[in-house]
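Raw contents of model.pdb, PDB, C-alpha atoms and all ligand atoms:
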ATOM      1  CA  MET A   1     -38.078-155.743  98.802
ATOM      2  CA  ILE A   2     -35.478-153.380  97.340
ATOM      3  CA  PHE A   3     -32.389-154.841  95.760
ATOM      4  CA  THR A   4     -29.388-152.610  95.356
ATOM      5  CA  VAL A   5     -26.838-153.593  92.776
ATOM      6  CA  LYS A   6     -23.267-152.919  93.777
ATOM      7  CA  ARG A   7     -21.265-150.913  91.280
ATOM      8  CA  ARG A   8     -18.043-152.859  90.875
ATOM      9  CA  ALA A   9     -14.838-152.284  88.942
ATOM     10  CA  ILE A  10     -11.421-153.832  88.674
ATOM     11  CA  TYR A  11      -8.200-151.858  88.803
ATOM     12  CA  PRO A  12      -5.532-154.183  87.396
ATOM     13  CA  GLY A  13      -1.790-153.647  87.314
ATOM     14  CA  SER A  14       1.628-154.850  88.321
ATOM     15  CA  PHE A  15       1.843-152.764  91.517
ATOM     16  CA  ASP A  16       5.589-153.474  91.725
ATOM     17  CA  PRO A  17       5.366-151.890  94.275
ATOM     18  CA  ILE A  18       2.216-149.874  95.037
ATOM     19  CA  THR A  19       2.879-146.101  94.978
ATOM     20  CA  LYS A  20       1.036-142.985  96.055
ATOM     21  CA  GLY A  21      -0.022-142.681  92.390
ATOM     22  CA  HIS A  22      -1.864-146.021  92.552
ATOM     23  CA  ILE A  23      -3.426-145.042  95.889
ATOM     24  CA  ASP A  24      -4.597-141.748  94.358
ATOM     25  CA  ILE A  25      -6.415-143.693  91.583
ATOM     26  CA  ILE A  26      -7.933-146.191  94.054
ATOM     27  CA  LYS A  27      -9.396-143.332  96.132
ATOM     28  CA  ARG A  28     -10.874-141.699  93.029
ATOM     29  CA  ALA A  29     -12.321-145.028  91.906
ATOM     30  CA  LEU A  30     -14.034-145.403  95.279
ATOM     31  CA  TYR A  31     -15.994-142.202  94.567
ATOM     32  CA  LEU A  32     -17.507-143.926  91.560
ATOM     33  CA  PHE A  33     -17.787-147.581  92.612
ATOM     34  CA  ASP A  34     -18.989-149.431  95.707
ATOM     35  CA  GLU A  35     -16.351-152.116  95.273
ATOM     36  CA  VAL A  36     -12.966-151.763  93.628
ATOM     37  CA  TYR A  37     -10.990-154.934  93.020
ATOM     38  CA  VAL A  38      -7.330-154.008  93.028
ATOM     39  CA  SER A  39      -6.064-156.876  90.919
ATOM     40  CA  VAL A  40      -2.394-157.726  90.998
ATOM     41  CA  ALA A  41      -1.143-159.361  87.816
ATOM     42  CA  ASN A  42       1.052-162.413  88.192
ATOM     43  CA  ASN A  43       3.117-161.186  85.254
ATOM     44  CA  TRP A  44       6.438-162.965  85.659
ATOM     45  CA  HIS A  45       7.353-161.953  82.077
ATOM     46  CA  LYS A  46       7.726-158.367  83.277
ATOM     47  CA  ASN A  47      10.384-159.600  85.678
ATOM     48  CA  PRO A  48       8.932-157.889  88.751
ATOM     49  CA  LEU A  49      11.142-156.952  91.713
ATOM     50  CA  PHE A  50       8.538-158.165  94.223
ATOM     51  CA  SER A  51       6.826-161.557  94.013
ATOM     52  CA  VAL A  52       3.077-161.555  93.475
ATOM     53  CA  GLU A  53       2.557-162.502  97.159
ATOM     54  CA  GLU A  54       4.736-159.581  98.285
ATOM     55  CA  ARG A  55       2.941-157.164  95.959
ATOM     56  CA  LEU A  56      -0.457-158.382  97.173
ATOM     57  CA  ASN A  57       0.640-157.953 100.750
ATOM     58  CA  LEU A  58       1.828-154.370 100.176
ATOM     59  CA  VAL A  59      -1.412-153.456  98.358
ATOM     60  CA  LYS A  60      -3.450-154.956 101.230
ATOM     61  CA  ARG A  61      -1.516-152.963 103.815
ATOM     62  CA  ALA A  62      -1.806-149.738 101.798
ATOM     63  CA  THR A  63      -5.584-150.077 101.388
ATOM     64  CA  LYS A  64      -6.645-151.704 104.651
ATOM     65  CA  SER A  65      -8.468-148.602 105.897
ATOM     66  CA  PHE A  66     -10.387-148.094 102.620
ATOM     67  CA  LYS A  67     -13.969-149.324 102.592
ATOM     68  CA  GLY A  68     -14.906-151.205  99.435
ATOM     69  CA  VAL A  69     -11.448-152.324  98.338
ATOM     70  CA  LYS A  70     -10.795-155.989  97.574
ATOM     71  CA  VAL A  71      -7.307-157.168  96.752
ATOM     72  CA  GLU A  72      -6.715-160.223  94.576
ATOM     73  CA  GLY A  73      -4.072-161.712  92.333
ATOM     74  CA  PHE A  74      -4.830-162.965  88.846
ATOM     75  CA  ASP A  75      -3.182-164.912  86.039
ATOM     76  CA  GLY A  76      -3.887-164.697  82.341
ATOM     77  CA  LEU A  77      -5.928-162.184  80.419
ATOM     78  CA  VAL A  78      -7.403-159.315  82.384
ATOM     79  CA  VAL A  79     -10.655-159.453  80.386
ATOM     80  CA  ASP A  80     -11.100-163.118  81.329
ATOM     81  CA  TYR A  81     -10.447-162.299  84.965
ATOM     82  CA  ALA A  82     -13.010-159.453  84.859
ATOM     83  CA  LYS A  83     -15.598-161.708  83.216
ATOM     84  CA  SER A  84     -14.998-164.474  85.766
ATOM     85  CA  LYS A  85     -16.012-161.982  88.442
ATOM     86  CA  GLY A  86     -18.963-160.645  86.449
ATOM     87  CA  ILE A  87     -17.322-157.197  86.359
ATOM     88  CA  ARG A  88     -17.643-155.059  83.240
ATOM     89  CA  ILE A  89     -15.598-151.998  84.127
ATOM     90  CA  MET A  90     -11.844-151.765  84.198
ATOM     91  CA  ILE A  91     -10.059-148.725  85.594
ATOM     92  CA  ARG A  92      -6.691-147.526  84.443
ATOM     93  CA  GLY A  93      -4.729-144.492  85.573
ATOM     94  CA  LEU A  94      -3.554-142.001  83.006
ATOM     95  CA  ARG A  95      -0.447-139.975  83.655
ATOM     96  CA  ALA A  96       1.510-137.816  81.282
ATOM     97  CA  ILE A  97       1.046-138.279  77.550
ATOM     98  CA  SER A  98       3.610-141.087  77.717
ATOM     99  CA  ASP A  99       0.923-143.483  79.027
ATOM    100  CA  PHE A 100      -1.527-142.668  76.299
ATOM    101  CA  ASP A 101      -0.121-144.723  73.435
ATOM    102  CA  TYR A 102       0.245-147.923  75.473
ATOM    103  CA  GLU A 103      -3.127-147.552  77.190
ATOM    104  CA  PHE A 104      -4.876-146.843  73.893
ATOM    105  CA  GLN A 105      -3.390-150.016  72.395
ATOM    106  CA  MET A 106      -4.464-151.986  75.464
ATOM    107  CA  VAL A 107      -8.058-150.750  75.283
ATOM    108  CA  LEU A 108      -8.385-151.527  71.602
ATOM    109  CA  THR A 109      -6.821-154.965  72.042
ATOM    110  CA  ASN A 110      -8.952-155.787  75.068
ATOM    111  CA  ARG A 111     -12.023-154.712  73.105
ATOM    112  CA  LYS A 112     -11.115-157.178  70.381
ATOM    113  CA  LEU A 113     -10.775-159.896  73.037
ATOM    114  CA  SER A 114     -14.042-159.038  74.757
ATOM    115  CA  LYS A 115     -16.792-156.497  74.159
ATOM    116  CA  ALA A 116     -18.149-157.118  77.634
ATOM    117  CA  VAL A 117     -15.474-155.095  79.405
ATOM    118  CA  GLU A 118     -15.195-151.299  79.126
ATOM    119  CA  THR A 119     -12.164-149.299  80.298
ATOM    120  CA  ILE A 120     -12.345-145.952  82.015
ATOM    121  CA  PHE A 121      -9.406-143.702  82.786
ATOM    122  CA  LEU A 122      -8.839-141.633  85.888
ATOM    123  CA  MET A 123      -6.249-138.894  86.277
ATOM    124  CA  PRO A 124      -4.194-138.501  89.440
ATOM    125  CA  SER A 125      -3.451-135.227  91.200
ATOM    126  CA  GLU A 126      -0.587-133.173  89.799
ATOM    127  CA  ASP A 127       1.630-134.354  92.690
ATOM    128  CA  ASN A 128       1.363-137.938  91.455
ATOM    129  CA  PHE A 129       1.285-137.208  87.762
ATOM    130  CA  PHE A 130       4.839-138.329  87.015
ATOM    131  CA  LEU A 131       5.111-141.127  89.578
ATOM    132  CA  SER A 132       5.781-144.642  88.405
ATOM    133  CA  SER A 133       6.911-147.827  90.162
ATOM    134  CA  ARG A 134       9.767-148.052  87.680
ATOM    135  CA  LEU A 135      11.049-144.557  88.482
ATOM    136  CA  ILE A 136      10.787-145.150  92.216
ATOM    137  CA  LYS A 137      12.768-148.385  91.929
ATOM    138  CA  GLU A 138      15.450-146.486  89.998
ATOM    139  CA  ILE A 139      15.613-143.721  92.605
ATOM    140  CA  ALA A 140      15.762-146.277  95.424
ATOM    141  CA  ASN A 141      18.538-148.130  93.625
ATOM    142  CA  LEU A 142      20.562-144.932  93.438
ATOM    143  CA  GLY A 143      20.032-144.316  97.152
ATOM    144  CA  GLY A 144      17.544-141.439  96.725
ATOM    145  CA  ALA A 145      14.730-140.571  99.171
ATOM    146  CA  ILE A 146      11.526-142.341  98.158
ATOM    147  CA  ASN A 147       9.341-141.673 101.203
ATOM    148  CA  GLN A 148       7.456-138.910  99.422
ATOM    149  CA  PHE A 149       6.391-141.324  96.660
ATOM    150  CA  VAL A 150       5.314-144.468  98.527
ATOM    151  CA  PRO A 151       3.882-145.311 101.978
ATOM    152  CA  ALA A 152       6.622-145.612 104.633
ATOM    153  CA  PHE A 153       6.308-149.399 104.910
ATOM    154  CA  VAL A 154       6.702-149.762 101.132
ATOM    155  CA  ALA A 155       9.851-147.597 101.230
ATOM    156  CA  LYS A 156      11.211-149.899 103.938
ATOM    157  CA  GLU A 157      10.480-153.073 101.963
ATOM    158  CA  LEU A 158      11.982-151.528  98.834
ATOM    159  CA  LYS A 159      15.200-150.628 100.644
ATOM    160  CA  LYS A 160      15.362-154.152 102.078
ATOM    161  CA  LYS A 161      14.922-155.624  98.622
ATOM    162  CA  ILE A 162      17.797-153.679  97.175
ATOM    163  CA  HIS A 163      19.926-154.401 100.247
ATOM    164  CA  LEU A 164      20.073-150.857 101.505
ATOM    165  CA  ILE A 165      19.007-151.926 105.012
TER
HETATM  166  P1  LIG A 201       0.921-152.101  84.483
HETATM  167  O1  LIG A 201       2.106-153.019  84.416
HETATM  168  O2  LIG A 201      -0.389-152.767  84.216
HETATM  169  O3  LIG A 201       1.082-150.805  83.736
HETATM  170  P2  LIG A 201       1.237-150.543  86.889
HETATM  171  O4  LIG A 201       1.270-151.028  88.298
HETATM  172  O5  LIG A 201       2.473-149.878  86.380
HETATM  173  O6  LIG A 201       0.838-151.776  86.035
HETATM  174  O7  LIG A 201       0.027-149.566  86.701
HETATM  175  C1  LIG A 201      -1.303-149.958  86.917
HETATM  176  C2  LIG A 201      -2.209-148.832  86.496
HETATM  177  O8  LIG A 201      -1.994-147.718  87.350
HETATM  178  C3  LIG A 201      -1.929-148.323  85.075
HETATM  179  O9  LIG A 201      -3.163-147.923  84.511
HETATM  180  C4  LIG A 201      -1.050-147.118  85.292
HETATM  181  O10 LIG A 201      -1.169-146.183  84.236
HETATM  182  C5  LIG A 201      -1.658-146.589  86.585
HETATM  183  N1  LIG A 201      -0.715-145.765  87.333
HETATM  184  C6  LIG A 201       0.495-146.101  87.807
HETATM  185  N2  LIG A 201       1.080-145.054  88.438
HETATM  186  C7  LIG A 201       0.201-144.028  88.350
HETATM  187  C8  LIG A 201       0.222-142.642  88.759
HETATM  188  N3  LIG A 201       1.266-142.103  89.353
HETATM  189  N4  LIG A 201      -0.863-141.916  88.495
HETATM  190  C9  LIG A 201      -1.913-142.443  87.843
HETATM  191  N5  LIG A 201      -1.999-143.708  87.406
HETATM  192  C10 LIG A 201      -0.947-144.492  87.647
END
How does this structure look as structure tokens?
Amino acid sequence: MIFTVKRRAIYPGSFDPITKGHIDIIKRALYLFDEVYVSVANNWHKNPLFSVEERLNLVKRATKSFKGVKVEGFDGLVVDYAKSKGIRIMIRGLRAISDFDYEFQMVLTNRKLSKAVETIFLMPSEDNFFLSSRLIKEIANLGGAINQFVPAFVAKELKKKIHLI
């Protein structure tokens, strides 16, 4: 009998809300892994615009046609969550140099917390290189067009949230 071991990774984040940049990273991760757990942090301290349930729902809708994606919420330390699932690889997206400092700190801190989890970075396409949930929320707040940055249903939910429709 042949056993095949599934290559699994987690892709954690706030996803407040999911953008085309996140989707770009998820697709790249699926080239490398059989299962990618898109893991939505219940990080109330970041004061998210969308509740964790809303963010989970948007991620599920955005990824429903992708084979191998699992969507889950988690509380607490990401390394503990990864270990609880028996997953040793964490994916993060790397944009412009501005991400580097924070991500580097996160990797080194997570390594101190657990040696069992390794982080790998994926780069998005140049179209998505400067996209961030924060920027999109700012543009939406100022009444700018956000359809090019997020799936249409996310743009709709975002406009609803900030009372534009
Ligand atoms: P967090 O609060 O953990 O930074 P985010 O939802 O902002 O959560 O981001 C989750 C991950 O996705 C991070 O690694 C971030 O760098 C990455 N990411 C976000 N937007 C993009 C993008 N446009 N291109 C590539 N990676 C991105």
* Pick out the closest residue to Lys112 of chain A from this set: A:Asn42, A:Val79, A:Pro48, A:Lys27. Count all atoms listed in the file. =>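 Among the listed residues, the smallest separation from Lys112 of chain A belongs to A:Val79.
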* Carefully work through the PyMOL selection byres (((chain A and resi 140) around 12) and not hetatm) for this structure and note down the residues it includes, as an MDAnalysis selection string. => chainID A and resid 17 133:139 141:150 154:165
Coordinates of box centre and edge lengths for segment 20-26 of chain A, 8 Å on every side, axis-aligned, as JSON:
{"center_x": -3.4, "center_y": -144.0, "center_z": 93.8, "size_x": 25.0, "size_y": 20.4, "size_z": 20.5}
* To do: Please identify all polymer residues within 8 Å of Gly68 of chain A, counting all atoms listed in the file, omitting same-chain residues fewer than 3 positions from it, and present them as a list of chain:residue names.
  => A:Leu30, A:Asp34, A:Glu35, A:Val36
* Can you work out which one of A:Phe104, A:Tyr31, A:Phe15, A:Phe74 has the shortest atom-to-atom distance to ligand LIG 201 (chain A), counting only C-alpha atoms and all ligand atoms? =>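 Comparing A:Phe104, A:Tyr31, A:Phe15, A:Phe74 against ligand LIG 201 (chain A), the winner is A:Phe15.
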* To do: Let me have all residues with an atom within 8 Å of ligand LIG 201 (chain A), counting all atoms listed in the file, laid out as a PyMOL selection string.
  => chain A and resi 11-22+24-25+41+46+91-95+99+103+121-125+128-134
* To do: Between atom CA of His45 of chain A and atom CA of Tyr102 of chain A, measure the distance and give it in Å to one decimal.
  =>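 Here the two named atoms are 17.1 Å from each other.
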* Sel. within 10 Å of pt (-10.8, -155.4, 98.6), counting only C-alpha atoms, output as a ChimeraX atom specification -> /A:35-39,59-60,63-64,66-72
* Asked: Which residues match the PyMOL selection byres (((chain A and resi 117) around 9) and not hetatm) in the file above, as a PyMOL selection string?
  -> chain A and resi 79+82-83+87-90+110-111+114-116+118-119
* Give me, please, the distance in Å between atom CA of Asn47 of chain A and atom CA of Val78 of chain A, quoted to one decimal. =>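 Interatomic distance here is 18.1 Å.
Remark: for Asn57 of chain A, the closest of the candidate residues A:Phe153, A:Phe100, A:Phe33, A:Phe3 is A:Phe153 (distances computed over all atoms listed in the file).
If you look at atom CA of Ala62 of chain A and atom CA of Ile23 of chain A, they are 7.7 Å away from each other.
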* Determine the nearest neighbour of Leu32 of chain A from the options A:Asp127, A:Leu58, A:Asp101, A:Arg7, counting only C-alpha atoms. =>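 When distances to Leu32 of chain A are compared using only C-alpha atoms, the smallest one comes from A:Arg7.
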* Could you check which of A:Ala152, A:Ile120, A:Leu108, A:Ile10 is closest to Gly73 of chain A, using all atoms listed in the file? =>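 Of the candidates, the smallest distance to Gly73 of chain A is held by A:Ile10.
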* To do: Select, from A:Val52, A:Glu126, A:Ser84, A:Ser65, the residue with the minimum atom-to-atom distance to Ala96 of chain A, counting only C-alpha atoms.
  => A:Glu126
